[in-house]
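Containing compact mmCIF, C-alpha atoms: structure.txt.
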```
# COMPACT_ATOMS: atom_id res chain seq x y z
CA MET A 1 132.07 193.32 167.34
CA ARG A 2 132.92 193.19 163.67
CA LEU A 3 136.39 191.98 162.67
CA VAL A 4 137.79 192.94 159.28
CA VAL A 5 140.96 191.73 157.60
CA PRO A 6 141.85 194.08 154.71
CA VAL A 7 144.22 192.70 152.10
CA SER A 8 145.77 193.97 148.91
CA GLY A 9 144.94 191.29 146.37
CA SER A 10 145.90 193.00 143.12
CA ASP A 11 149.71 193.37 143.18
CA PRO A 12 150.56 192.37 146.74
CA LYS A 13 153.87 192.58 148.59
CA THR A 14 155.85 194.47 145.97
CA ARG A 15 158.84 194.76 148.34
CA LEU A 16 159.26 190.99 147.97
CA THR A 17 159.74 191.36 144.19
CA THR A 18 163.47 190.57 144.43
CA VAL A 19 162.78 187.10 145.85
CA LEU A 20 159.28 186.14 144.64
CA SER A 21 157.57 186.21 141.22
CA PRO A 22 154.16 187.96 140.92
CA ASP A 23 152.33 184.60 141.16
CA GLU A 24 154.45 183.64 144.17
CA ARG A 25 153.72 186.94 145.90
CA ARG A 26 150.02 186.22 145.47
CA GLY A 27 150.40 182.65 146.75
CA PHE A 28 152.42 183.77 149.77
CA THR A 29 149.87 186.52 150.48
CA GLU A 30 147.09 183.90 150.50
CA ALA A 31 149.14 181.71 152.87
CA MET A 32 149.72 184.60 155.30
CA LEU A 33 146.03 185.48 155.10
CA ALA A 34 145.15 181.85 155.93
CA ASP A 35 147.29 182.07 159.09
CA VAL A 36 145.56 185.29 160.17
CA VAL A 37 142.09 183.88 159.44
CA ASP A 38 142.96 180.70 161.39
CA ALA A 39 144.17 182.65 164.45
CA VAL A 40 141.21 185.03 164.41
CA THR A 41 138.74 182.16 164.02
CA ALA A 42 140.42 180.16 166.81
CA ALA A 43 139.98 183.24 169.01
CA GLY A 44 136.23 183.05 168.39
CA HIS A 45 135.73 185.72 165.72
CA GLU A 46 134.20 185.51 162.25
CA PRO A 47 136.52 187.53 160.05
CA ASP A 48 135.34 189.55 157.05
CA VAL A 49 138.15 189.62 154.51
CA ILE A 50 138.05 192.67 152.25
CA SER A 51 140.39 192.45 149.28
CA THR A 52 141.16 194.78 146.39
CA ALA A 53 140.98 191.75 144.04
CA PRO A 54 139.79 188.12 144.21
CA LEU A 55 141.86 185.86 146.51
CA ASP A 56 141.59 182.27 147.73
CA CYS A 57 140.50 182.30 151.36
CA ALA A 58 138.54 180.06 153.75
CA ALA A 59 136.62 183.11 155.05
CA PRO A 60 134.13 185.19 153.02
CA VAL A 61 135.90 187.70 150.77
CA THR A 62 134.38 191.02 149.72
CA ILE A 63 136.01 192.87 146.84
CA ASP A 64 136.56 196.59 147.41
CA ASP A 65 139.25 198.41 145.49
CA ARG A 66 139.36 201.53 147.63
CA GLY A 67 142.50 202.51 149.48
CA LEU A 68 142.95 201.43 153.09
CA ASP A 69 142.13 204.79 154.71
CA PRO A 70 138.73 205.40 153.03
CA LEU A 71 137.80 201.73 153.42
CA VAL A 72 138.55 201.53 157.14
CA ASN A 73 137.18 204.97 157.91
CA ASP A 74 133.88 204.10 156.20
CA LEU A 75 133.78 200.86 158.21
CA LEU A 76 134.38 202.84 161.41
CA THR A 77 131.57 205.26 160.54
CA ALA A 78 129.16 202.43 159.70
CA THR A 79 130.08 200.08 162.56
CA VAL A 80 131.08 202.07 165.63
CA THR A 81 127.92 204.07 166.12
CA ASP A 82 127.70 204.01 169.92
CA ASP A 83 129.51 202.80 173.05
CA GLU A 84 128.18 199.26 172.57
CA SER A 85 129.57 198.69 169.07
CA ALA A 86 133.11 197.94 168.06
CA LEU A 87 135.28 197.33 165.01
CA ALA A 88 138.53 195.39 164.93
CA VAL A 89 140.91 195.58 161.99
CA VAL A 90 143.73 193.04 161.69
CA MET A 91 146.20 193.22 158.81
CA ALA A 92 146.59 190.19 156.55
CA ASP A 93 150.41 190.02 156.56
CA LEU A 94 150.86 188.85 160.15
CA PRO A 95 151.61 185.12 159.81
CA LEU A 96 153.07 184.91 163.33
CA VAL A 97 149.74 185.69 165.03
CA THR A 98 148.21 183.01 167.21
CA GLN A 99 144.92 182.59 169.00
CA GLU A 100 146.60 184.00 172.13
CA SER A 101 148.02 187.11 170.45
CA ILE A 102 144.62 187.86 168.88
CA GLU A 103 142.94 187.39 172.28
CA ARG A 104 145.34 189.88 173.83
CA LEU A 105 144.06 192.50 171.38
CA PHE A 106 140.59 192.10 172.89
CA THR A 107 141.62 191.91 176.55
CA PRO A 108 141.86 195.64 177.35
CA ASP A 109 138.44 197.27 177.70
CA ALA A 110 139.69 200.57 176.27
CA ASP A 111 138.09 202.88 173.68
CA VAL A 112 140.97 202.22 171.32
CA VAL A 113 143.44 199.32 171.49
CA LEU A 114 146.45 199.63 169.17
CA ALA A 115 148.94 196.93 168.16
CA PRO A 116 152.03 198.72 166.82
CA GLY A 117 153.95 197.20 163.95
CA LEU A 118 157.71 197.29 163.54
CA GLY A 119 158.72 200.43 161.68
CA GLY A 120 155.93 202.66 162.94
CA GLY A 121 152.90 200.94 161.43
CA THR A 122 149.64 199.91 163.08
CA ASN A 123 149.12 196.20 162.50
CA ALA A 124 145.83 195.80 164.32
CA PHE A 125 143.37 197.81 166.36
CA VAL A 126 140.08 197.58 168.17
CA CYS A 127 137.91 200.69 168.21
CA ARG A 128 134.99 201.27 170.57
CA HIS A 129 134.90 205.07 170.15
CA PRO A 130 132.60 206.60 167.49
CA GLU A 131 135.00 209.41 166.57
CA PHE A 132 138.29 207.56 166.09
CA ARG A 133 139.57 207.50 162.50
CA VAL A 134 142.64 206.02 160.81
CA ASP A 135 145.49 207.43 158.77
CA TYR A 136 147.79 204.61 157.65
CA HIS A 137 150.22 206.82 155.76
CA GLY A 138 153.76 207.02 157.22
CA ALA A 139 154.37 206.44 160.94
CA SER A 140 150.72 205.59 161.50
CA ILE A 141 151.11 204.54 165.12
CA ARG A 142 151.98 208.15 166.02
CA ASP A 143 149.03 209.49 164.03
CA HIS A 144 146.68 206.98 165.64
CA ARG A 145 147.87 207.92 169.14
CA ARG A 146 147.30 211.59 168.27
CA ILE A 147 143.87 211.03 166.67
CA ALA A 148 142.74 208.94 169.66
CA GLN A 149 143.89 211.68 172.03
CA GLU A 150 142.18 214.41 170.01
CA VAL A 151 138.81 212.65 170.20
CA GLY A 152 139.26 211.87 173.90
CA ALA A 153 139.51 208.11 173.43
CA GLU A 154 141.18 206.13 176.18
CA THR A 155 143.96 204.23 174.41
CA VAL A 156 145.93 201.09 175.30
CA GLU A 157 148.74 199.50 173.29
CA VAL A 158 149.28 195.75 173.09
CA ASP A 159 152.90 194.68 173.51
CA SER A 160 153.03 191.68 171.14
CA ARG A 161 155.94 190.67 168.91
CA ARG A 162 153.61 188.40 166.96
CA LEU A 163 151.18 191.21 166.20
CA ALA A 164 154.11 193.56 165.48
CA THR A 165 155.78 191.37 162.85
CA ASP A 166 154.33 192.26 159.46
CA ILE A 167 156.07 190.64 156.52
CA ASP A 168 157.11 193.18 153.90
CA GLU A 169 160.72 192.56 152.94
CA PRO A 170 162.99 189.58 152.26
CA ALA A 171 164.65 189.99 155.69
CA ASP A 172 161.25 189.55 157.35
CA LEU A 173 160.86 186.03 155.92
CA ALA A 174 163.28 184.69 158.53
CA GLU A 175 160.77 185.59 161.27
CA VAL A 176 158.19 183.30 159.64
CA LEU A 177 160.58 180.34 159.52
CA LEU A 178 161.80 181.02 163.08
CA HIS A 179 158.46 181.46 164.81
CA SER A 180 155.63 179.83 162.88
CA ASP A 181 154.61 176.44 161.60
CA GLY A 182 151.52 177.71 159.82
CA ALA A 183 150.54 178.07 156.17
CA ALA A 184 153.02 180.85 155.37
CA ALA A 185 155.93 178.90 156.89
CA ASP A 186 154.86 175.81 154.92
CA TRP A 187 154.60 177.90 151.76
CA LEU A 188 158.14 179.23 152.20
CA ALA A 189 159.55 175.76 152.90
CA ASP A 190 157.76 174.34 149.84
CA ALA A 191 159.21 177.19 147.75
CA GLY A 192 162.71 176.18 148.88
CA PHE A 193 163.38 178.83 151.53
CA SER A 194 165.38 177.96 154.62
CA LEU A 195 167.15 179.86 157.37
CA SER A 196 170.70 180.91 156.68
CA LEU A 197 173.44 182.52 158.74
CA THR A 198 175.35 185.40 157.12
CA ASP A 199 177.91 187.34 159.16
CA GLY A 200 176.32 185.98 162.32
CA ARG A 201 172.93 187.34 161.25
CA VAL A 202 169.91 185.23 160.46
CA THR A 203 168.45 185.55 156.99
CA VAL A 204 166.87 183.22 154.42
CA SER A 205 168.25 181.53 151.34
CA ARG A 206 166.49 179.68 148.55
CA GLU A 207 167.52 176.41 146.89
CA MET B 1 166.40 184.94 191.83
CA ARG B 2 169.48 186.62 190.48
CA LEU B 3 169.09 189.04 187.56
CA VAL B 4 172.11 189.78 185.38
CA VAL B 5 172.44 192.36 182.62
CA PRO B 6 175.51 191.55 180.47
CA VAL B 7 176.86 194.39 178.37
CA SER B 8 179.73 194.83 175.95
CA GLY B 9 181.55 197.89 177.26
CA SER B 10 184.73 197.78 175.21
CA ASP B 11 183.74 198.54 171.60
CA PRO B 12 179.97 198.39 171.75
CA LYS B 13 177.42 198.47 168.96
CA THR B 14 179.81 198.28 166.02
CA ARG B 15 176.90 198.01 163.58
CA LEU B 16 176.05 201.63 164.47
CA THR B 17 179.50 202.79 163.26
CA THR B 18 178.03 204.45 160.17
CA VAL B 19 175.93 206.85 162.26
CA LEU B 20 177.75 207.13 165.63
CA SER B 21 181.39 207.80 166.62
CA PRO B 22 183.08 205.39 169.08
CA ASP B 23 182.40 207.80 171.99
CA GLU B 24 178.80 208.17 170.88
CA ARG B 25 178.33 204.41 170.65
CA ARG B 26 179.55 204.17 174.23
CA GLY B 27 177.26 206.99 175.39
CA PHE B 28 174.25 205.49 173.63
CA THR B 29 175.07 202.05 175.10
CA GLU B 30 175.07 203.59 178.60
CA ALA B 31 171.73 205.27 177.89
CA MET B 32 170.13 202.00 176.72
CA LEU B 33 171.58 200.24 179.78
CA ALA B 34 170.04 202.92 182.01
CA ASP B 35 166.62 202.21 180.49
CA VAL B 36 167.00 198.47 181.10
CA VAL B 37 168.22 199.00 184.68
CA ASP B 38 165.30 201.39 185.34
CA ALA B 39 162.71 198.90 184.04
CA VAL B 40 164.22 195.96 185.91
CA THR B 41 164.45 197.96 189.13
CA ALA B 42 160.86 199.22 188.77
CA ALA B 43 159.82 195.56 188.44
CA GLY B 44 161.36 194.90 191.85
CA HIS B 45 164.71 193.34 190.91
CA GLU B 46 168.27 194.33 191.82
CA PRO B 47 170.22 193.96 188.59
CA ASP B 48 173.89 192.92 188.47
CA VAL B 49 175.48 194.55 185.46
CA ILE B 50 178.43 192.59 184.07
CA SER B 51 180.44 194.52 181.50
CA THR B 52 183.55 193.71 179.48
CA ALA B 53 184.90 197.18 180.32
CA PRO B 54 184.03 200.02 182.75
CA LEU B 55 180.74 201.80 182.04
CA ASP B 56 178.67 204.47 183.76
CA CYS B 57 175.65 202.86 185.38
CA ALA B 58 173.36 203.45 188.37
CA ALA B 59 173.55 199.73 189.27
CA PRO B 60 176.67 197.89 190.48
CA VAL B 61 178.98 196.96 187.58
CA THR B 62 181.30 193.94 187.61
CA ILE B 63 184.02 193.79 184.97
CA ASP B 64 184.38 190.44 183.23
CA ASP B 65 185.92 190.25 179.79
CA ARG B 66 184.81 186.74 178.91
CA GLY B 67 182.51 186.11 175.99
CA LEU B 68 178.76 185.89 176.56
CA ASP B 69 178.45 182.08 176.39
CA PRO B 70 181.11 181.18 179.02
CA LEU B 71 179.97 184.05 181.25
CA VAL B 72 176.29 183.11 181.24
CA ASN B 73 176.93 179.37 181.41
CA ASP B 74 179.16 179.85 184.47
CA LEU B 75 176.43 181.99 186.05
CA LEU B 76 173.88 179.24 185.32
CA THR B 77 176.14 176.61 186.90
CA ALA B 78 176.76 178.73 189.98
CA THR B 79 173.24 180.07 190.45
CA VAL B 80 170.68 177.49 189.33
CA THR B 81 171.67 174.64 191.61
CA ASP B 82 168.21 173.29 192.44
CA ASP B 83 164.51 173.77 191.73
CA GLU B 84 164.30 176.69 194.14
CA SER B 85 166.98 178.84 192.52
CA ALA B 86 166.73 180.89 189.34
CA LEU B 87 168.76 183.11 187.07
CA ALA B 88 167.40 185.79 184.76
CA VAL B 89 169.50 187.34 182.01
CA VAL B 90 168.29 190.50 180.28
CA MET B 91 170.30 192.06 177.47
CA ALA B 92 171.42 195.68 177.81
CA ASP B 93 170.32 196.91 174.38
CA LEU B 94 166.56 196.79 174.97
CA PRO B 95 165.62 200.45 175.55
CA LEU B 96 161.92 199.80 174.88
CA VAL B 97 161.49 197.57 177.93
CA THR B 98 159.16 198.73 180.65
CA GLN B 99 158.30 197.53 184.13
CA GLU B 100 155.36 195.65 182.60
CA SER B 101 157.38 193.87 179.92
CA ILE B 102 159.97 192.80 182.50
CA GLU B 103 157.17 191.55 184.77
CA ARG B 104 155.79 189.44 181.92
CA LEU B 105 159.13 187.62 181.78
CA PHE B 106 158.58 186.44 185.35
CA THR B 107 154.89 185.61 185.07
CA PRO B 108 155.14 182.06 183.65
CA ASP B 109 156.22 179.53 186.28
CA ALA B 110 158.11 177.44 183.72
CA ASP B 111 161.58 175.87 183.92
CA VAL B 112 162.77 178.12 181.12
CA VAL B 113 161.13 181.34 179.91
CA LEU B 114 162.52 182.73 176.65
CA ALA B 115 161.99 186.20 175.18
CA PRO B 116 162.88 185.97 171.46
CA GLY B 117 164.58 188.88 169.78
CA LEU B 118 163.95 190.00 166.22
CA GLY B 119 166.25 188.15 163.85
CA GLY B 120 166.50 184.95 165.84
CA GLY B 121 168.23 186.16 168.99
CA THR B 122 167.31 185.56 172.62
CA ASN B 123 166.94 188.92 174.32
CA ALA B 124 166.07 187.72 177.82
CA PHE B 125 165.43 184.49 179.67
CA VAL B 126 164.61 183.12 183.08
CA CYS B 127 166.06 179.73 183.98
CA ARG B 128 164.84 177.55 186.84
CA HIS B 129 166.33 174.29 185.49
CA PRO B 130 169.83 173.21 186.62
CA GLU B 131 170.81 171.73 183.26
CA PHE B 132 169.82 174.47 180.82
CA ARG B 133 172.77 176.17 179.07
CA VAL B 134 173.05 178.97 176.49
CA ASP B 135 174.54 179.25 173.01
CA TYR B 136 174.15 182.79 171.73
CA HIS B 137 175.83 182.19 168.38
CA GLY B 138 173.58 182.47 165.32
CA ALA B 139 169.84 181.86 165.57
CA SER B 140 170.08 181.37 169.33
CA ILE B 141 166.34 181.12 169.95
CA ARG B 142 166.29 177.85 168.01
CA ASP B 143 169.30 176.53 169.90
CA HIS B 144 167.77 177.51 173.23
CA ARG B 145 164.49 175.77 172.38
CA ARG B 146 166.48 172.65 171.45
CA ILE B 147 168.72 172.75 174.53
CA ALA B 148 165.71 173.22 176.81
CA GLN B 149 163.98 170.27 175.16
CA GLU B 150 167.09 168.08 175.42
CA VAL B 151 167.34 168.61 179.20
CA GLY B 152 163.59 168.12 179.65
CA ALA B 153 162.90 171.71 180.70
CA GLU B 154 159.34 172.97 180.32
CA THR B 155 159.68 176.08 178.17
CA VAL B 156 157.45 179.10 177.62
CA GLU B 157 158.06 182.03 175.28
CA VAL B 158 157.05 185.59 176.10
CA ASP B 159 155.36 187.41 173.23
CA SER B 160 156.65 190.96 173.78
CA ARG B 161 157.61 193.48 171.10
CA ARG B 162 159.42 195.54 173.73
CA LEU B 163 161.58 192.61 174.83
CA ALA B 164 162.10 191.62 171.18
CA THR B 165 163.44 194.97 170.01
CA ASP B 166 167.21 194.98 170.45
CA ILE B 167 168.97 197.96 168.93
CA ASP B 168 171.82 196.94 166.64
CA GLU B 169 171.53 198.86 163.38
CA PRO B 170 170.69 202.39 162.25
CA ALA B 171 167.21 201.28 161.14
CA ASP B 172 166.48 200.11 164.71
CA LEU B 173 166.91 203.64 166.09
CA ALA B 174 163.46 204.59 164.78
CA GLU B 175 161.89 202.10 167.22
CA VAL B 176 163.45 203.99 170.14
CA LEU B 177 162.07 207.34 168.98
CA LEU B 178 158.65 205.81 168.19
CA HIS B 179 158.10 203.86 171.40
CA SER B 180 160.20 205.21 174.27
CA ASP B 181 160.68 208.40 176.22
CA GLY B 182 163.56 207.02 178.30
CA ALA B 183 167.28 207.73 178.46
CA ALA B 184 168.11 206.25 175.04
CA ALA B 185 165.37 208.26 173.34
CA ASP B 186 166.61 211.40 175.09
CA TRP B 187 170.17 210.60 174.07
CA LEU B 188 169.15 210.26 170.40
CA ALA B 189 167.15 213.49 170.47
CA ASP B 190 170.06 215.35 172.10
CA ALA B 191 172.38 213.95 169.42
CA GLY B 192 170.12 215.44 166.74
CA PHE B 193 168.24 212.35 165.62
CA SER B 194 164.60 212.55 164.62
CA LEU B 195 162.12 210.38 162.76
CA SER B 196 162.08 210.69 159.02
CA LEU B 197 159.87 209.31 156.26
CA THR B 198 161.63 207.88 153.20
CA ASP B 199 159.59 206.16 150.46
CA GLY B 200 156.75 205.77 152.95
CA ARG B 201 159.05 203.98 155.40
CA VAL B 202 160.02 205.29 158.80
CA THR B 203 163.71 205.84 159.47
CA VAL B 204 165.84 208.37 161.33
CA SER B 205 167.81 211.37 160.16
CA ARG B 206 170.35 213.51 161.98
CA GLU B 207 170.64 217.30 161.92
```
Would it be possible to restate this file's structure as C-alpha cells?
Amino acid sequence: MRLVVPVSGSDPKTRLTTVLSPDERRGFTEAMLADVVDAVTAAGHEPDVISTAPLDCAAPVTIDDRGLDPLVNDLLTATVTDDESALAVVMADLPLVTQESIERLFTPDADVVLAPGLGGGTNAFVCRHPEFRVDYHGASIRDHRRIAQEVGAETVEVDSRRLATDIDEPADLAEVLLHSDGAAADWLADAGFSLSLTDGRVTVSRE
Amino acid sequence: MRLVVPVSGSDPKTRLTTVLSPDERRGFTEAMLADVVDAVTAAGHEPDVISTAPLDCAAPVTIDDRGLDPLVNDLLTATVTDDESALAVVMADLPLVTQESIERLFTPDADVVLAPGLGGGTNAFVCRHPEFRVDYHGASIRDHRRIAQEVGAETVEVDSRRLATDIDEPADLAEVLLHSDGAAADWLADAGFSLSLTDGRVTVSRE
C-alpha cells in the first residue's frame, strides 16, 4: 500500500485570497498538510507528499509540477499492477481528519473506496483495481463512480464528515475552528481568526 | 428509546426563497422529511414527527408550535428520566441520511451522542443522561459539548457526512442531487433542477 498526499505548493488556496495574503495561504497550506500527515502517520502509514513546489513538511516531499490528473493516473499505473497492490490518495486540505477517519478509509476491502468531498469532489480514495483512473475536473465523485463501474471495480463510499470537509473558501474556516485542535486550527487562532455569529450563522472574523 | 423528528411546517426553509416559491418550499420540506422518516424506519425506529403546522407525512404528526429549544428540552425532561431511558432527535432536513447513517448514531453506548452539522449545528443526537439539555441557537455543537461536559455526560460524536448535510441554502441542493436518489432528489429533478458546473464548482440550475 502506497499512500500519497498531493499538494499544490506554488500558489495554493487562491479562493482564500480575500482573507489571507500569499505568504499566509502558503503557511496555512503547510499547517493543513501537517494535520493530514499527522493523521495518516497515526493510522500507521508512511505518506509520500508530492508538491508542485517546495513546502515545509515533516514527511518526505517530492516536487512534481504536473497537474493532479496526470500525476495520480501515472501513480495508479505504476503502483496498482495487480490485485495485491494498492494506492491511496488523500488530499492535503483536510485538516479535520483524524487517525480514526483515515482508518475508516482502509476498512472496506473493496476494489475502490471513495471519500466524497462537499461540493462533488473526491477528497480521498483507495484503489486496488489496476484499471481505475481519476478525473478530478468538475463533479469528480460522479466521474469516479462511473469510471469504477466501467472497469468493473467494486466500489464503496466512506461516509465521513471529516474526510468530506476540504478547506477552500473563507466560510470553510469555521469548520476548522469548530472541529479541530490541530496545526491548522492553531495557525488560524495565531493569525487572529475566531468564530463569529452573523444572522444566526457561524462564520469567522479576524482581529 | 423515543425518536423525534422536529420540523418547521409553517414557513419552512426561508433561505431557499430565492429559488423556491412558498408552496415549493413546503413540498420540498415534505420530501426531505419523507427521506428522514424512511431512513429512520429502515433502521428499526418508529419516528414521532412534531411539526409547527400540518404537513403530509407517512409517520404520525403531532402539531406543536413551540420553538425548538423548549420543545426538545420538555421532551428530554419527560423522556430521559433514568439511565434506562433515551431520547433521539433527528432533524427533518437531512435528505442524505440512510439506514446505515442512522444506525451509526445508535452504535456508541455513550450518555450523549452528537452528530454535528456543517456550519456548527447539531443535526441529530441521542441522549441517555437525565440532565442534558439543548440550546440550538448559534454554534450549537459547541454549546452541546459544553452542556454535556457540565452535567458529566460521556459524549461521543458521530463522523457522518450524511448526518452533517442539512439543506438550508441553494448551494446545498447540489448535495442532494449528488448523493441521494430519495424523495427530495426526485422532487428536485421533477422541479427542473439539475447539477451544473460554474467556474469548476458544482451548483444547481433550473430549467
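The coordinates place atom CA of A:Thr122 at 20.0 Å from atom CA of A:His45.
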Select residues of chain B: the criterion is any atom within 8 Å of an atom of chain A, counting only C-alpha atoms; output as a ChimeraX atom specification.
/B:101,118-120,137-139,142,159-162,164,174-175,178,197,200-203
Which protein, DNA or RNA residues are at most 9 Å from (142.6, 200.2, 163.5) in the file's coordinates when you count all atoms listed in the file, listed as a PyMOL selection string?
chain A and resi 72+76+87-90+112-115+122-127+132-134+136+144
List as a PyMOL selection string the protein and nucleic acid residues near A:Thr41, meaning an atom at most 10 Å away when all atoms listed in the file are counted, but skip any in the same chain fewer than 6 places from it.
chain A and resi 35+47+59+99+102
Pull C-alpha atoms from the residues just selected and write them as a tab-separated table (two decimals), keeping the file's coordinate frame.
```tsv
chain	number	residue	atom	x	y	z
A	35	ASP	CA	147.29	182.07	159.09
A	47	PRO	CA	136.52	187.53	160.05
A	59	ALA	CA	136.62	183.11	155.05
A	99	GLN	CA	144.92	182.59	169.00
A	102	ILE	CA	144.62	187.86	168.88
```
Please write out, as AutoDock Vina command-line options, where the centre of an axis-aligned box around all listed atoms of stretch 89-103 of chain B lies and how long its edges are, in Å to one decimal, after adding 6 Å on each side.
```
--center_x 163.4 --center_y 193.9 --center_z 179.6 --size_x 28.1 --size_y 25.1 --size_z 22.4
```
As an mmCIF file with C-alpha atoms, in the coordinates of the input, please: the residues near stretch 68-71 of chain B (cut-off 12 Å, all atoms listed in the file, same-chain neighbours under 2 positions excluded).
```
data_model
loop_
_atom_site.group_PDB
_atom_site.id
_atom_site.type_symbol
_atom_site.label_atom_id
_atom_site.label_comp_id
_atom_site.auth_asym_id
_atom_site.auth_seq_id
_atom_site.Cartn_x
_atom_site.Cartn_y
_atom_site.Cartn_z
ATOM 1 C CA VAL B 4 172.110 189.780 185.380
ATOM 2 C CA VAL B 5 172.440 192.360 182.620
ATOM 3 C CA PRO B 6 175.510 191.550 180.470
ATOM 4 C CA VAL B 7 176.860 194.390 178.370
ATOM 5 C CA SER B 8 179.730 194.830 175.950
ATOM 6 C CA ILE B 50 178.430 192.590 184.070
ATOM 7 C CA SER B 51 180.440 194.520 181.500
ATOM 8 C CA THR B 52 183.550 193.710 179.480
ATOM 9 C CA THR B 62 181.300 193.940 187.610
ATOM 10 C CA ILE B 63 184.020 193.790 184.970
ATOM 11 C CA ASP B 64 184.380 190.440 183.230
ATOM 12 C CA ASP B 65 185.920 190.250 179.790
ATOM 13 C CA ARG B 66 184.810 186.740 178.910
ATOM 14 C CA ASN B 73 176.930 179.370 181.410
ATOM 15 C CA ASP B 74 179.160 179.850 184.470
ATOM 16 C CA LEU B 75 176.430 181.990 186.050
ATOM 17 C CA LEU B 76 173.880 179.240 185.320
ATOM 18 C CA THR B 77 176.140 176.610 186.900
ATOM 19 C CA ALA B 78 176.760 178.730 189.980
ATOM 20 C CA VAL B 89 169.500 187.340 182.010
ATOM 21 C CA MET B 91 170.300 192.060 177.470
ATOM 22 C CA ARG B 133 172.770 176.170 179.070
ATOM 23 C CA VAL B 134 173.050 178.970 176.490
ATOM 24 C CA ASP B 135 174.540 179.250 173.010
ATOM 25 C CA TYR B 136 174.150 182.790 171.730
ATOM 26 C CA HIS B 137 175.830 182.190 168.380
ATOM 27 C CA SER B 140 170.080 181.370 169.330
#
```
Atom pair atom CA of A:Asp93 / atom CA of A:Met1: separation (Å)
21.5 Å
Mind giving me the straight-line distance from atom CA of B:Ser85 to atom CA of B:Asp111 in Å, one decimal?
10.6 Å
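Residues lying within 7 Å of (173.0, 214.3, 164.8). Counted over all atoms listed in the file, they are B:Ala191, B:Gly192, B:Phe193, B:Arg206, B:Glu207.
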Long-range neighbours of B:Leu33 as a PyMOL selection string, 10 Å cut-off, only C-alpha atoms, 5 positions minimum in chain:
chain B and resi 5-7+27-28+38-39+49+55-59+91-95+183-184
Neighbour list for B:Pro130 as a count of residues only, cut-off 7 Å, all atoms listed in the file, skip fewer than 4 positions in-chain:
3
Starting from the incomplete input, reconstruct N, CA, C and O atoms of stretch 17-30 of chain A and write that as a compact mmCIF listing (two decimals), keeping the file's coordinate frame.
```
# COMPACT_ATOMS: atom_id res chain seq x y z
N THR A 17 159.52 191.61 145.61
CA THR A 17 159.74 191.36 144.19
C THR A 17 161.11 190.73 143.91
O THR A 17 161.25 189.91 142.99
N THR A 18 162.12 191.09 144.70
CA THR A 18 163.47 190.57 144.43
C THR A 18 163.57 189.07 144.71
O THR A 18 164.48 188.42 144.21
N VAL A 19 162.67 188.53 145.52
CA VAL A 19 162.78 187.10 145.85
C VAL A 19 161.59 186.26 145.40
O VAL A 19 161.67 185.03 145.40
N LEU A 20 160.47 186.90 145.03
CA LEU A 20 159.28 186.14 144.64
C LEU A 20 158.72 186.70 143.33
O LEU A 20 158.65 187.92 143.14
N SER A 21 158.24 185.81 142.45
CA SER A 21 157.57 186.21 141.22
C SER A 21 156.18 186.76 141.58
O SER A 21 155.69 186.55 142.69
N PRO A 22 155.52 187.46 140.63
CA PRO A 22 154.16 187.96 140.92
C PRO A 22 153.20 186.86 141.39
O PRO A 22 152.47 187.05 142.37
N ASP A 23 153.21 185.70 140.73
CA ASP A 23 152.33 184.60 141.16
C ASP A 23 152.71 184.11 142.56
O ASP A 23 151.84 183.77 143.37
N GLU A 24 154.00 184.08 142.85
CA GLU A 24 154.45 183.64 144.17
C GLU A 24 154.05 184.65 145.25
O GLU A 24 153.66 184.26 146.35
N ARG A 25 154.15 185.93 144.92
CA ARG A 25 153.72 186.94 145.90
C ARG A 25 152.24 186.78 146.23
O ARG A 25 151.83 186.94 147.38
N ARG A 26 151.45 186.46 145.22
CA ARG A 26 150.02 186.22 145.47
C ARG A 26 149.82 184.96 146.32
O ARG A 26 149.06 184.96 147.29
N GLY A 27 150.53 183.89 145.99
CA GLY A 27 150.40 182.65 146.75
C GLY A 27 150.84 182.82 148.20
O GLY A 27 150.17 182.34 149.13
N PHE A 28 151.92 183.53 148.41
CA PHE A 28 152.42 183.77 149.77
C PHE A 28 151.45 184.68 150.54
O PHE A 28 151.21 184.47 151.74
N THR A 29 150.87 185.64 149.84
CA THR A 29 149.87 186.52 150.48
C THR A 29 148.67 185.71 150.96
O THR A 29 148.17 185.90 152.07
N GLU A 30 148.21 184.76 150.11
CA GLU A 30 147.09 183.90 150.50
C GLU A 30 147.46 183.02 151.69
O GLU A 30 146.63 182.76 152.57
```
